Amino acid sequence: MSRQLSEIITEGLTKRFNSFTAVDRLSFEVGEGEIFGILGPNGAGKTTTIRMLACLLTPTEGTAFVGGFDVVDDSLKVREMVGILTENPSLYDRLTAMENMEFFAEAYGVSDRQARSKKIRELLEFFDLWPRRDDKVGTYSKGMKQKLAIARALVHDPDILLLDEPTSGLDPRSSKDIRDLMEELSRREGQTILLCTHRLEDAERLCSRVMLINEGGMVTMGTTDELRSQIAGTPILRVRLGEVSEAVVGAVRSMEGVEEVAVDGTTLSVSVYDVDRVTPYLVRSVVMAGGMVQSVEVLEPSLEEIYLKLVVDEDEAE
Amino acid sequence: MRLSKALLVFRKDWREVGRNWEVLTPIALVPLLFSVVLPLIVISVPGQVNTGTSPEVLIESIMRGAPASVMEMLAGFTEDQQLTYVLFVYMFAPFFLLIPVMASSVIASDSFAGEKERKTIEALLATPLTDGELLFGKMLVSFVPAMAITILSFIAYTVVVDVGTYGLFGALLLPTLEWFLLIFLMTPALSLAAIGLTVLISSRVKGFKEAQQISVVLVIPIIGLFIGQGTGALTLGPPVILALTALLAFFDLLIFRFSVLLFKREKVLTTWK
Ligand SMILES: Nc1ncnc2c1ncn2[C@@H]1O[C@H](COP(=O)(O)OP(=O)(O)OP(=O)(O)O)[C@@H](O)[C@H]1O
Ligand SMILES: [Mg+2]
């Protein structure tokens, strides 16, 4: 975290329920304006971590600072500056969307009536809920509730957003809208966002850094690019040729930056560290050695493969 | 604690409660039964009321515990007047203890156990409202409407009884000193006790229905009072009312200290079932 001060800092954060360890010594930092993802399978401890950061649960061990305040000693301050999307939408079914928003806005100290109305309208309009604002939330669909819950998390312009599975229950278009919104919030308003998800797509598209956790503990952490190269090794260039000759294979093998070459029929699979730098030269060498390049394809491991590999490996190791 | 924040919770809960017929139905029907329907039946069919004991015994036993001034007055009444007096001034009193107990425990069940059951409690606990503000707001919403309905019922009962018995006495029967003490001292203390107990119950049960079912036990001591009066064991005159109120106030203190300990964010979220 060289660029900015950190908005969230945890050190050995641990939560035990009786003898069961739900979150196990997590240490991480989230910088201002950063979108940080916690990724993990069901029961990994994502929700428990968020609850500790939102001062809903007290850590059994370790410390956490949110916005510069200790979650144990200054919990009121932390709660004031944090907007949270809980795992359940946690909305009052018997109240209308407006009434829900009004209540939470006031609870978060947005006391100016006009500012409050303006903000609520803005949010409800953004989430396409404005026409349904006077309907009881009990009549809303799952996705509408999720949107309203996100709107509620934003009602007091929090510096820090804690989002537990923000796109769960949303259709692809709404998911995209929310991802776009989060990007904008982090970029334009400098809001710090920590989100939990088991949807790799979200983490991949959105997060500058990701922490992978399993059974409470950290498996790995880094930027999505770092994770890719760290775990799945080097990306692979798949070059389809008219026909394969010794000369072509030899030429590719001897190139700088090429790790390994495998031949399968008329296709070469070339492991390279730096795809962008090597590809043009590789194509040139092949052509100069008399090969006919029909297509070049880059195979980068997706976060999903990394995720499955790590989580499954870890489980098997036990 | 910021009172405005507690009131915010109060208003929010009141809105929710006001839209739940499972809460509103008993709160509307029970007081109507005791303050209007039953008195009307007693008035319109005099002498037909079966209290389980003969009128003589009933009058006897009540008079034993009534203040001297009341006994003097009763001595000058006809038997009809005596029975009517005893019924409306003394025997109906325990029913009026049921109203605040029922109302506050139904509302508190919805506000505490219900909110937990509907899983709305987490977002509420994530707000910068303090535990004290949340607890106070929720107790207030269980207390204020319960007291309001009790007082309204008392007014309705007084009117019904006075109109219905004016022919017999040529004077107004109600209100009496014991009824003032009952409604303005004892029922608040009793309502608070019911709320405190419902908070405890709410922390141990899954939801509104279960909390409701269990808090029915609160009715038992009140039935005890009713039987106690009928058998002459005690009379709900001013001394007894004051003594019971003091006892309840002491109990309120204990149970509130306990509620405050129990209503902590983390506990509500994890150890409350
Ligand atoms: N109040 C509690 N008491 C006991 N155990 C708990 C409690 N809350 C969570 N746990 C346990 O802690 C572990 C982590 O739960 P958590 O809800 O944090 O997982 P998660 O990563 O959010 O999972 P999901 O993706 O399913 O939401 C689980 O095994 C869960 O059973
Ligand atoms: Mg979860």
# chains A, B, ... in the order shown; residues from 1 in each chain; ligands from 1

call {"tool": "select_by_dssp", "arguments": {"residues": "range 225-311 of chain A", "states": "strand (DSSP E)", "output": "NGL selection string"}}
result
:A and (236-241 or 258-264 or 267-272 or 293-299)

call {"tool": "write_last_selection", "arguments": {"atoms": "N, CA and C atoms", "output": "PDB file, in the first residue's frame"}}
result
ATOM      1  N   ILE A 236       0.074 -19.160 -21.535  1.00  0.00           N
ATOM      2  CA  ILE A 236       0.454 -19.993 -22.676  1.00  0.00           C
ATOM      3  C   ILE A 236      -0.032 -19.363 -23.978  1.00  0.00           C
ATOM      4  N   LEU A 237       0.885 -19.331 -24.973  1.00  0.00           N
ATOM      5  CA  LEU A 237       0.512 -18.866 -26.317  1.00  0.00           C
ATOM      6  C   LEU A 237       0.250 -20.100 -27.154  1.00  0.00           C
ATOM      7  N   ARG A 238      -0.913 -20.123 -27.747  1.00  0.00           N
ATOM      8  CA  ARG A 238      -1.204 -21.279 -28.582  1.00  0.00           C
ATOM      9  C   ARG A 238      -1.124 -20.834 -30.042  1.00  0.00           C
ATOM     10  N   VAL A 239      -0.158 -21.348 -30.727  1.00  0.00           N
ATOM     11  CA  VAL A 239       0.096 -20.923 -32.115  1.00  0.00           C
ATOM     12  C   VAL A 239      -0.305 -22.066 -33.057  1.00  0.00           C
ATOM     13  N   ARG A 240      -1.265 -21.773 -33.936  1.00  0.00           N
ATOM     14  CA  ARG A 240      -1.680 -22.805 -34.896  1.00  0.00           C
ATOM     15  C   ARG A 240      -0.954 -22.549 -36.227  1.00  0.00           C
ATOM     16  N   LEU A 241      -0.316 -23.590 -36.742  1.00  0.00           N
ATOM     17  CA  LEU A 241       0.490 -23.426 -37.951  1.00  0.00           C
ATOM     18  C   LEU A 241      -0.092 -24.244 -39.097  1.00  0.00           C
ATOM     19  N   VAL A 258      11.047 -17.613 -23.760  1.00  0.00           N
ATOM     20  CA  VAL A 258      10.199 -18.782 -23.931  1.00  0.00           C
ATOM     21  C   VAL A 258      10.619 -19.842 -22.927  1.00  0.00           C
ATOM     22  N   GLU A 259       9.649 -20.366 -22.220  1.00  0.00           N
ATOM     23  CA  GLU A 259       9.931 -21.333 -21.165  1.00  0.00           C
ATOM     24  C   GLU A 259       9.917 -22.757 -21.683  1.00  0.00           C
ATOM     25  N   GLU A 260       8.853 -23.036 -22.392  1.00  0.00           N
ATOM     26  CA  GLU A 260       8.617 -24.420 -22.762  1.00  0.00           C
ATOM     27  C   GLU A 260       7.829 -24.454 -24.061  1.00  0.00           C
ATOM     28  N   VAL A 261       8.057 -25.453 -24.860  1.00  0.00           N
ATOM     29  CA  VAL A 261       7.275 -25.572 -26.086  1.00  0.00           C
ATOM     30  C   VAL A 261       6.732 -26.998 -26.165  1.00  0.00           C
ATOM     31  N   ALA A 262       5.453 -27.104 -26.387  1.00  0.00           N
ATOM     32  CA  ALA A 262       4.872 -28.439 -26.563  1.00  0.00           C
ATOM     33  C   ALA A 262       4.212 -28.483 -27.926  1.00  0.00           C
ATOM     34  N   VAL A 263       4.347 -29.601 -28.611  1.00  0.00           N
ATOM     35  CA  VAL A 263       3.765 -29.710 -29.943  1.00  0.00           C
ATOM     36  C   VAL A 263       2.596 -30.681 -29.900  1.00  0.00           C
ATOM     37  N   ASP A 264       1.500 -30.255 -30.485  1.00  0.00           N
ATOM     38  CA  ASP A 264       0.331 -31.133 -30.531  1.00  0.00           C
ATOM     39  C   ASP A 264      -0.283 -30.983 -31.911  1.00  0.00           C
ATOM     40  N   THR A 267      -0.280 -27.594 -33.706  1.00  0.00           N
ATOM     41  CA  THR A 267      -0.371 -26.479 -32.762  1.00  0.00           C
ATOM     42  C   THR A 267       0.808 -26.502 -31.795  1.00  0.00           C
ATOM     43  N   LEU A 268       1.425 -25.336 -31.635  1.00  0.00           N
ATOM     44  CA  LEU A 268       2.485 -25.194 -30.632  1.00  0.00           C
ATOM     45  C   LEU A 268       1.899 -24.543 -29.391  1.00  0.00           C
ATOM     46  N   SER A 269       2.188 -25.116 -28.217  1.00  0.00           N
ATOM     47  CA  SER A 269       1.808 -24.443 -26.983  1.00  0.00           C
ATOM     48  C   SER A 269       3.074 -23.928 -26.337  1.00  0.00           C
ATOM     49  N   VAL A 270       3.190 -22.602 -26.278  1.00  0.00           N
ATOM     50  CA  VAL A 270       4.445 -21.984 -25.844  1.00  0.00           C
ATOM     51  C   VAL A 270       4.205 -21.250 -24.528  1.00  0.00           C
ATOM     52  N   SER A 271       4.938 -21.657 -23.498  1.00  0.00           N
ATOM     53  CA  SER A 271       4.799 -20.922 -22.243  1.00  0.00           C
ATOM     54  C   SER A 271       5.728 -19.726 -22.264  1.00  0.00           C
ATOM     55  N   VAL A 272       5.150 -18.545 -22.005  1.00  0.00           N
ATOM     56  CA  VAL A 272       5.983 -17.335 -21.990  1.00  0.00           C
ATOM     57  C   VAL A 272       5.612 -16.522 -20.755  1.00  0.00           C
ATOM     58  N   VAL A 293       1.801 -18.919 -39.915  1.00  0.00           N
ATOM     59  CA  VAL A 293       0.975 -18.730 -38.712  1.00  0.00           C
ATOM     60  C   VAL A 293      -0.498 -18.576 -39.103  1.00  0.00           C
ATOM     61  N   GLN A 294      -1.336 -19.459 -38.590  1.00  0.00           N
ATOM     62  CA  GLN A 294      -2.764 -19.317 -38.903  1.00  0.00           C
ATOM     63  C   GLN A 294      -3.513 -18.571 -37.806  1.00  0.00           C
ATOM     64  N   SER A 295      -3.109 -18.807 -36.559  1.00  0.00           N
ATOM     65  CA  SER A 295      -3.727 -18.027 -35.486  1.00  0.00           C
ATOM     66  C   SER A 295      -2.861 -18.102 -34.225  1.00  0.00           C
ATOM     67  N   VAL A 296      -2.974 -17.050 -33.426  1.00  0.00           N
ATOM     68  CA  VAL A 296      -2.268 -17.043 -32.142  1.00  0.00           C
ATOM     69  C   VAL A 296      -3.300 -16.726 -31.066  1.00  0.00           C
ATOM     70  N   GLU A 297      -3.283 -17.533 -30.018  1.00  0.00           N
ATOM     71  CA  GLU A 297      -4.280 -17.358 -28.965  1.00  0.00           C
ATOM     72  C   GLU A 297      -3.547 -17.333 -27.622  1.00  0.00           C
ATOM     73  N   VAL A 298      -3.957 -16.414 -26.763  1.00  0.00           N
ATOM     74  CA  VAL A 298      -3.318 -16.347 -25.447  1.00  0.00           C
ATOM     75  C   VAL A 298      -4.216 -17.042 -24.435  1.00  0.00           C
ATOM     76  N   LEU A 299      -3.660 -18.000 -23.741  1.00  0.00           N
ATOM     77  CA  LEU A 299      -4.444 -18.687 -22.713  1.00  0.00           C
ATOM     78  C   LEU A 299      -3.965 -18.229 -21.339  1.00  0.00           C
TER      79      LEU A 299
END

call {"tool": "residues_around", "arguments": {"residues": "Glu117 in chain B", "least_positions_apart": "6", "cutoff": "8 Å", "atoms": "only C-alpha atoms", "output": "ChimeraX atom specification"}}
result
/B:206-208

call {"tool": "interface_residues", "arguments": {"of": "chain B", "to": "chain A", "cutoff": "12 Å", "atoms": "only C-alpha atoms", "output": "ChimeraX atom specification"}}
result
/B:2,4-21,111,114-131,133-134,264-271

call {"tool": "residues_around", "arguments": {"residues": "range 184-196 of chain A", "least_positions_apart": "2", "cutoff": "6 Å", "atoms": "only C-alpha atoms", "output": "PyMOL selection string"}}
result
chain A and resi 32-39+159-165+181-182

call {"tool": "write_last_selection", "arguments": {"atoms": "all heavy atoms", "output": "tab-separated table (two decimals), in the first residue's frame"}}
result
chain	number	residue	atom	x	y	z
A	32	GLU	N	-6.98	3.74	0.63
A	32	GLU	CA	-8.07	4.66	0.33
A	32	GLU	C	-8.42	4.58	-1.16
A	32	GLU	O	-7.54	4.60	-2.01
A	32	GLU	CB	-7.65	6.08	0.70
A	32	GLU	CG	-8.80	7.05	0.68
A	32	GLU	CD	-8.35	8.46	0.98
A	32	GLU	OE1	-7.36	8.63	1.73
A	32	GLU	OE2	-8.97	9.39	0.44
A	33	GLY	N	-9.69	4.49	-1.45
A	33	GLY	CA	-10.13	4.44	-2.84
A	33	GLY	C	-9.94	3.10	-3.51
A	33	GLY	O	-10.24	2.94	-4.68
A	34	GLU	N	-9.45	2.15	-2.75
A	34	GLU	CA	-9.19	0.84	-3.35
A	34	GLU	C	-10.45	-0.03	-3.31
A	34	GLU	O	-11.31	0.14	-2.46
A	34	GLU	CB	-8.08	0.14	-2.55
A	34	GLU	CG	-7.58	-1.11	-3.24
A	34	GLU	CD	-6.48	-1.84	-2.46
A	34	GLU	OE1	-6.04	-1.35	-1.40
A	34	GLU	OE2	-6.08	-2.91	-2.92
A	35	ILE	N	-10.56	-0.93	-4.26
A	35	ILE	CA	-11.61	-1.95	-4.18
A	35	ILE	C	-10.92	-3.27	-3.89
A	35	ILE	O	-10.12	-3.75	-4.68
A	35	ILE	CB	-12.41	-2.06	-5.49
A	35	ILE	CG1	-12.99	-0.69	-5.86
A	35	ILE	CG2	-13.52	-3.08	-5.33
A	35	ILE	CD1	-13.85	-0.71	-7.12
A	36	PHE	N	-11.20	-3.79	-2.73
A	36	PHE	CA	-10.50	-4.97	-2.23
A	36	PHE	C	-11.50	-6.11	-2.13
A	36	PHE	O	-12.61	-5.92	-1.63
A	36	PHE	CB	-9.91	-4.64	-0.86
A	36	PHE	CG	-9.08	-5.74	-0.26
A	36	PHE	CD1	-7.75	-5.88	-0.58
A	36	PHE	CD2	-9.65	-6.62	0.65
A	36	PHE	CE1	-6.98	-6.89	-0.01
A	36	PHE	CE2	-8.89	-7.64	1.22
A	36	PHE	CZ	-7.54	-7.77	0.89
A	37	GLY	N	-11.14	-7.27	-2.60
A	37	GLY	CA	-12.08	-8.39	-2.57
A	37	GLY	C	-11.65	-9.48	-1.63
A	37	GLY	O	-10.47	-9.82	-1.56
A	38	ILE	N	-12.60	-10.00	-0.89
A	38	ILE	CA	-12.33	-11.21	-0.11
A	38	ILE	C	-13.10	-12.32	-0.80
A	38	ILE	O	-14.32	-12.25	-0.96
A	38	ILE	CB	-12.78	-11.08	1.35
A	38	ILE	CG1	-12.02	-9.96	2.04
A	38	ILE	CG2	-12.56	-12.40	2.08
A	38	ILE	CD1	-12.40	-9.79	3.50
A	39	LEU	N	-12.35	-13.32	-1.22
A	39	LEU	CA	-12.92	-14.36	-2.05
A	39	LEU	C	-12.81	-15.66	-1.28
A	39	LEU	O	-11.79	-15.93	-0.67
A	39	LEU	CB	-12.08	-14.42	-3.33
A	39	LEU	CG	-12.58	-15.13	-4.54
A	39	LEU	CD1	-13.88	-14.52	-5.01
A	39	LEU	CD2	-11.54	-15.02	-5.66
A	159	ASP	N	-17.48	6.85	3.84
A	159	ASP	CA	-16.12	6.81	3.28
A	159	ASP	C	-15.73	5.38	2.93
A	159	ASP	O	-14.93	5.14	2.04
A	159	ASP	CB	-15.11	7.33	4.30
A	159	ASP	CG	-15.31	8.82	4.55
A	159	ASP	OD1	-15.94	9.46	3.69
A	159	ASP	OD2	-14.86	9.30	5.60
A	160	ILE	N	-16.29	4.48	3.69
A	160	ILE	CA	-15.90	3.08	3.53
A	160	ILE	C	-17.14	2.23	3.33
A	160	ILE	O	-18.13	2.38	4.03
A	160	ILE	CB	-15.15	2.60	4.79
A	160	ILE	CG1	-13.88	3.42	4.96
A	160	ILE	CG2	-14.82	1.11	4.70
A	160	ILE	CD1	-13.24	3.30	6.30
A	161	LEU	N	-17.08	1.38	2.34
A	161	LEU	CA	-18.21	0.49	2.05
A	161	LEU	C	-17.81	-0.96	2.30
A	161	LEU	O	-16.78	-1.41	1.82
A	161	LEU	CB	-18.61	0.62	0.59
A	161	LEU	CG	-19.63	1.67	0.19
A	161	LEU	CD1	-19.79	1.66	-1.32
A	161	LEU	CD2	-20.96	1.40	0.87
A	162	LEU	N	-18.63	-1.65	3.09
A	162	LEU	CA	-18.40	-3.08	3.29
A	162	LEU	C	-19.57	-3.80	2.65
A	162	LEU	O	-20.71	-3.62	3.04
A	162	LEU	CB	-18.38	-3.40	4.79
A	162	LEU	CG	-17.37	-2.64	5.64
A	162	LEU	CD1	-17.54	-2.99	7.12
A	162	LEU	CD2	-15.94	-2.94	5.20
A	163	LEU	N	-19.28	-4.58	1.63
A	163	LEU	CA	-20.37	-5.18	0.87
A	163	LEU	C	-20.26	-6.70	0.90
A	163	LEU	O	-19.28	-7.27	0.43
A	163	LEU	CB	-20.33	-4.69	-0.58
A	163	LEU	CG	-20.31	-3.18	-0.77
A	163	LEU	CD1	-20.09	-2.83	-2.25
A	163	LEU	CD2	-21.60	-2.54	-0.28
A	164	ASP	N	-21.27	-7.34	1.46
A	164	ASP	CA	-21.28	-8.79	1.53
A	164	ASP	C	-22.07	-9.33	0.33
A	164	ASP	O	-23.28	-9.25	0.30
A	164	ASP	CB	-21.91	-9.23	2.85
A	164	ASP	CG	-21.56	-10.66	3.22
A	164	ASP	OD1	-21.13	-11.41	2.32
A	164	ASP	OD2	-21.69	-11.02	4.40
A	165	GLU	N	-21.37	-9.85	-0.62
A	165	GLU	CA	-21.96	-10.39	-1.85
A	165	GLU	C	-22.90	-9.41	-2.54
A	165	GLU	O	-24.10	-9.66	-2.63
A	165	GLU	CB	-22.67	-11.68	-1.53
A	165	GLU	CG	-21.80	-12.55	-0.65
A	165	GLU	CD	-21.97	-14.04	-0.88
A	165	GLU	OE1	-22.81	-14.41	-1.71
A	165	GLU	OE2	-21.25	-14.79	-0.24
A	181	LEU	N	-21.10	1.19	-10.79
A	181	LEU	CA	-21.29	2.15	-9.71
A	181	LEU	C	-20.11	2.09	-8.73
A	181	LEU	O	-19.58	3.12	-8.31
A	181	LEU	CB	-22.59	1.85	-8.97
A	181	LEU	CG	-22.81	2.67	-7.70
A	181	LEU	CD1	-23.14	4.12	-8.04
A	181	LEU	CD2	-23.92	2.07	-6.85
A	182	MET	N	-19.70	0.89	-8.39
A	182	MET	CA	-18.62	0.75	-7.43
A	182	MET	C	-17.32	1.32	-7.99
A	182	MET	O	-16.58	1.98	-7.29
A	182	MET	CB	-18.45	-0.71	-7.03
A	182	MET	CG	-19.55	-1.15	-6.08
A	182	MET	SD	-19.21	-2.72	-5.34
A	182	MET	CE	-19.88	-3.79	-6.55

call {"tool": "closest_atom_pairs", "arguments": {"of": "chain A", "to": "ligand 1", "cutoff": "10 Å", "atoms": "only C-alpha atoms and all ligand atoms", "output": "Markdown table"}}
result
| residue | atom | partner | partner_atom_place_in_ligand_line | distance |
| --- | --- | --- | --- | --- |
| A:Lys15 | CA | ligand 1 | 12 (O) | 8.5 |
| A:Arg16 | CA | ligand 1 | 5 (N) | 7.9 |
| A:Phe17 | CA | ligand 1 | 4 (C) | 5.0 |
| A:Asn18 | CA | ligand 1 | 4 (C) | 7.5 |
| A:Ser19 | CA | ligand 1 | 4 (C) | 9.4 |
| A:Phe20 | CA | ligand 1 | 5 (N) | 7.0 |
| A:Thr21 | CA | ligand 1 | 12 (O) | 7.1 |
| A:Ala22 | CA | ligand 1 | 12 (O) | 4.1 |
| A:Val23 | CA | ligand 1 | 14 (C) | 7.0 |
| A:Ile38 | CA | ligand 1 | 21 (O) | 9.0 |
| A:Leu39 | CA | ligand 1 | 21 (O) | 8.2 |
| A:Gly40 | CA | ligand 1 | 21 (O) | 6.2 |
| A:Pro41 | CA | ligand 1 | 25 (O) | 5.5 |
| A:Asn42 | CA | ligand 1 | 25 (O) | 3.5 |
| A:Gly43 | CA | ligand 1 | 19 (O) | 3.4 |
| A:Ala44 | CA | ligand 1 | 21 (O) | 3.8 |
| A:Gly45 | CA | ligand 1 | 18 (O) | 3.2 |
| A:Lys46 | CA | ligand 1 | 21 (O) | 3.6 |
| A:Thr47 | CA | ligand 1 | 22 (O) | 3.6 |
| A:Thr48 | CA | ligand 1 | 18 (O) | 3.7 |
| A:Thr49 | CA | ligand 1 | 18 (O) | 6.4 |
| A:Ile50 | CA | ligand 1 | 18 (O) | 8.0 |
| A:Arg51 | CA | ligand 1 | 18 (O) | 8.3 |
| A:Met52 | CA | ligand 1 | 18 (O) | 10.0 |
| A:Leu57 | CA | ligand 1 | 1 (N) | 9.1 |
| A:Glu87 | CA | ligand 1 | 27 (O) | 7.0 |
| A:Asn88 | CA | ligand 1 | 27 (O) | 9.7 |
| A:Asp164 | CA | ligand 1 | 22 (O) | 7.8 |
| A:Glu165 | CA | ligand 1 | 27 (O) | 7.9 |
| A:Cys196 | CA | ligand 1 | 22 (O) | 7.8 |
| A:Thr197 | CA | ligand 1 | 25 (O) | 7.1 |
| A:His198 | CA | ligand 1 | 25 (O) | 6.4 |
| A:Arg199 | CA | ligand 1 | 25 (O) | 9.7 |
| A:Ile213 | CA | ligand 1 | 21 (O) | 8.4 |
| A:Asn214 | CA | ligand 1 | 21 (O) | 8.1 |
| A:Glu215 | CA | ligand 1 | 14 (C) | 7.3 |
| A:Gly216 | CA | ligand 1 | 14 (C) | 6.8 |

call {"tool": "write_last_selection", "arguments": {"atoms": "N, CA and C atoms", "output": "tab-separated table (two decimals), in the first residue's frame"}}
result
chain	number	residue	atom	x	y	z
A	15	LYS	N	-11.68	-14.71	14.84
A	15	LYS	CA	-12.96	-14.85	15.53
A	15	LYS	C	-13.22	-16.31	15.81
A	16	ARG	N	-13.41	-16.60	17.06
A	16	ARG	CA	-13.78	-17.96	17.43
A	16	ARG	C	-15.17	-17.97	18.02
A	17	PHE	N	-15.97	-18.95	17.61
A	17	PHE	CA	-17.26	-19.18	18.27
A	17	PHE	C	-17.05	-20.43	19.11
A	18	ASN	N	-17.03	-20.27	20.40
A	18	ASN	CA	-16.62	-21.34	21.31
A	18	ASN	C	-15.25	-21.84	20.85
A	19	SER	N	-15.16	-23.12	20.47
A	19	SER	CA	-13.82	-23.58	20.10
A	19	SER	C	-13.62	-23.55	18.59
A	20	PHE	N	-14.69	-23.20	17.85
A	20	PHE	CA	-14.60	-23.19	16.39
A	20	PHE	C	-14.02	-21.87	15.88
A	21	THR	N	-12.98	-21.97	15.07
A	21	THR	CA	-12.36	-20.76	14.55
A	21	THR	C	-12.97	-20.42	13.20
A	22	ALA	N	-13.74	-19.34	13.15
A	22	ALA	CA	-14.41	-18.96	11.91
A	22	ALA	C	-13.50	-18.07	11.06
A	23	VAL	N	-12.70	-17.24	11.72
A	23	VAL	CA	-11.74	-16.38	11.02
A	23	VAL	C	-10.41	-16.53	11.74
A	38	ILE	N	-12.60	-10.00	-0.89
A	38	ILE	CA	-12.33	-11.21	-0.11
A	38	ILE	C	-13.10	-12.32	-0.80
A	39	LEU	N	-12.35	-13.32	-1.22
A	39	LEU	CA	-12.92	-14.36	-2.05
A	39	LEU	C	-12.81	-15.66	-1.28
A	40	GLY	N	-13.87	-16.43	-1.29
A	40	GLY	CA	-13.77	-17.72	-0.60
A	40	GLY	C	-15.05	-18.49	-0.73
A	41	PRO	N	-14.96	-19.80	-0.55
A	41	PRO	CA	-16.16	-20.65	-0.68
A	41	PRO	C	-17.11	-20.45	0.50
A	42	ASN	N	-18.24	-21.10	0.46
A	42	ASN	CA	-19.21	-21.01	1.56
A	42	ASN	C	-18.56	-21.39	2.88
A	43	GLY	N	-18.83	-20.61	3.89
A	43	GLY	CA	-18.32	-20.94	5.22
A	43	GLY	C	-16.87	-20.56	5.43
A	44	ALA	N	-16.29	-19.82	4.48
A	44	ALA	CA	-14.87	-19.49	4.58
A	44	ALA	C	-14.61	-18.45	5.68
A	45	GLY	N	-15.62	-17.69	6.03
A	45	GLY	CA	-15.43	-16.67	7.05
A	45	GLY	C	-15.56	-15.25	6.52
A	46	LYS	N	-16.09	-15.10	5.33
A	46	LYS	CA	-16.22	-13.77	4.72
A	46	LYS	C	-17.18	-12.88	5.52
A	47	THR	N	-18.35	-13.41	5.76
A	47	THR	CA	-19.35	-12.62	6.48
A	47	THR	C	-18.88	-12.28	7.90
A	48	THR	N	-18.27	-13.25	8.54
A	48	THR	CA	-17.76	-13.01	9.89
A	48	THR	C	-16.71	-11.89	9.87
A	49	THR	N	-15.87	-11.88	8.86
A	49	THR	CA	-14.85	-10.83	8.76
A	49	THR	C	-15.52	-9.46	8.61
A	50	ILE	N	-16.49	-9.39	7.70
A	50	ILE	CA	-17.18	-8.12	7.50
A	50	ILE	C	-17.87	-7.67	8.79
A	51	ARG	N	-18.47	-8.62	9.48
A	51	ARG	CA	-19.16	-8.27	10.72
A	51	ARG	C	-18.20	-7.71	11.76
A	52	MET	N	-17.00	-8.22	11.78
A	52	MET	CA	-16.02	-7.67	12.72
A	52	MET	C	-15.62	-6.25	12.31
A	57	LEU	N	-19.46	-7.83	15.48
A	57	LEU	CA	-18.86	-8.88	16.29
A	57	LEU	C	-17.52	-8.36	16.81
A	87	GLU	N	-25.38	-9.60	4.71
A	87	GLU	CA	-25.59	-10.80	3.91
A	87	GLU	C	-27.07	-10.93	3.50
A	88	ASN	N	-27.96	-10.70	4.48
A	88	ASN	CA	-29.39	-10.62	4.18
A	88	ASN	C	-29.72	-9.17	3.89
A	164	ASP	N	-21.27	-7.34	1.46
A	164	ASP	CA	-21.28	-8.79	1.53
A	164	ASP	C	-22.07	-9.33	0.33
A	165	GLU	N	-21.37	-9.85	-0.62
A	165	GLU	CA	-21.96	-10.39	-1.85
A	165	GLU	C	-22.90	-9.41	-2.54
A	196	CYS	N	-17.06	-8.91	-0.32
A	196	CYS	CA	-16.89	-10.35	-0.20
A	196	CYS	C	-17.67	-10.97	-1.32
A	197	THR	N	-17.15	-12.02	-1.84
A	197	THR	CA	-17.90	-12.66	-2.90
A	197	THR	C	-17.40	-14.07	-3.10
A	198	HIS	N	-18.26	-14.93	-3.62
A	198	HIS	CA	-17.70	-16.15	-4.17
A	198	HIS	C	-17.86	-16.14	-5.69
A	199	ARG	N	-18.30	-14.98	-6.20
A	199	ARG	CA	-18.37	-14.87	-7.66
A	199	ARG	C	-17.08	-14.28	-8.17
A	213	ILE	N	-9.57	-16.60	0.88
A	213	ILE	CA	-9.56	-17.26	2.18
A	213	ILE	C	-10.33	-18.57	2.11
A	214	ASN	N	-9.94	-19.47	2.98
A	214	ASN	CA	-10.62	-20.76	3.07
A	214	ASN	C	-10.56	-21.23	4.51
A	215	GLU	N	-11.68	-21.71	5.03
A	215	GLU	CA	-11.77	-22.15	6.41
A	215	GLU	C	-11.17	-21.14	7.37
A	216	GLY	N	-11.47	-19.88	7.12
A	216	GLY	CA	-11.07	-18.82	8.04
A	216	GLY	C	-9.70	-18.23	7.78

call {"tool": "residues_around", "arguments": {"residues": "Val260 in chain B", "least_positions_apart": "6", "cutoff": "10 Å", "atoms": "only C-alpha atoms", "output": "PyMOL selection string"}}
result
chain B and resi 131-132+135-136+196+199

call {"tool": "residues_around", "arguments": {"residues": "Lys209 in chain B", "least_positions_apart": "2", "cutoff": "10 Å", "atoms": "only C-alpha atoms", "output": "ChimeraX atom specification"}}
result
/B:22,106,109-110,113-114,117,205-207,211-215

call {"tool": "select_by_dssp", "arguments": {"residues": "range 62-120 of chain A", "states": "alpha helix (DSSP H)", "output": "list in words"}}
result
Ser75, Leu76, Lys77, Val78, Arg79, Glu80, Met81, Ala97, Met98, Glu99, Asn100, Met101, Glu102, Phe103, Phe104, Ala105, Glu106, Ala107, Arg113, Gln114, Ala115, Arg116, Ser117, Lys118, Lys119 and Ile120 of chain A

call {"tool": "residues_around", "arguments": {"residues": "Thr150 in chain B", "least_positions_apart": "6", "cutoff": "10 Å", "atoms": "only C-alpha atoms", "output": "VMD selection string"}}
result
chain B and resid 27 31 35 96 to 101 103 144 156 183 to 184 187 to 188
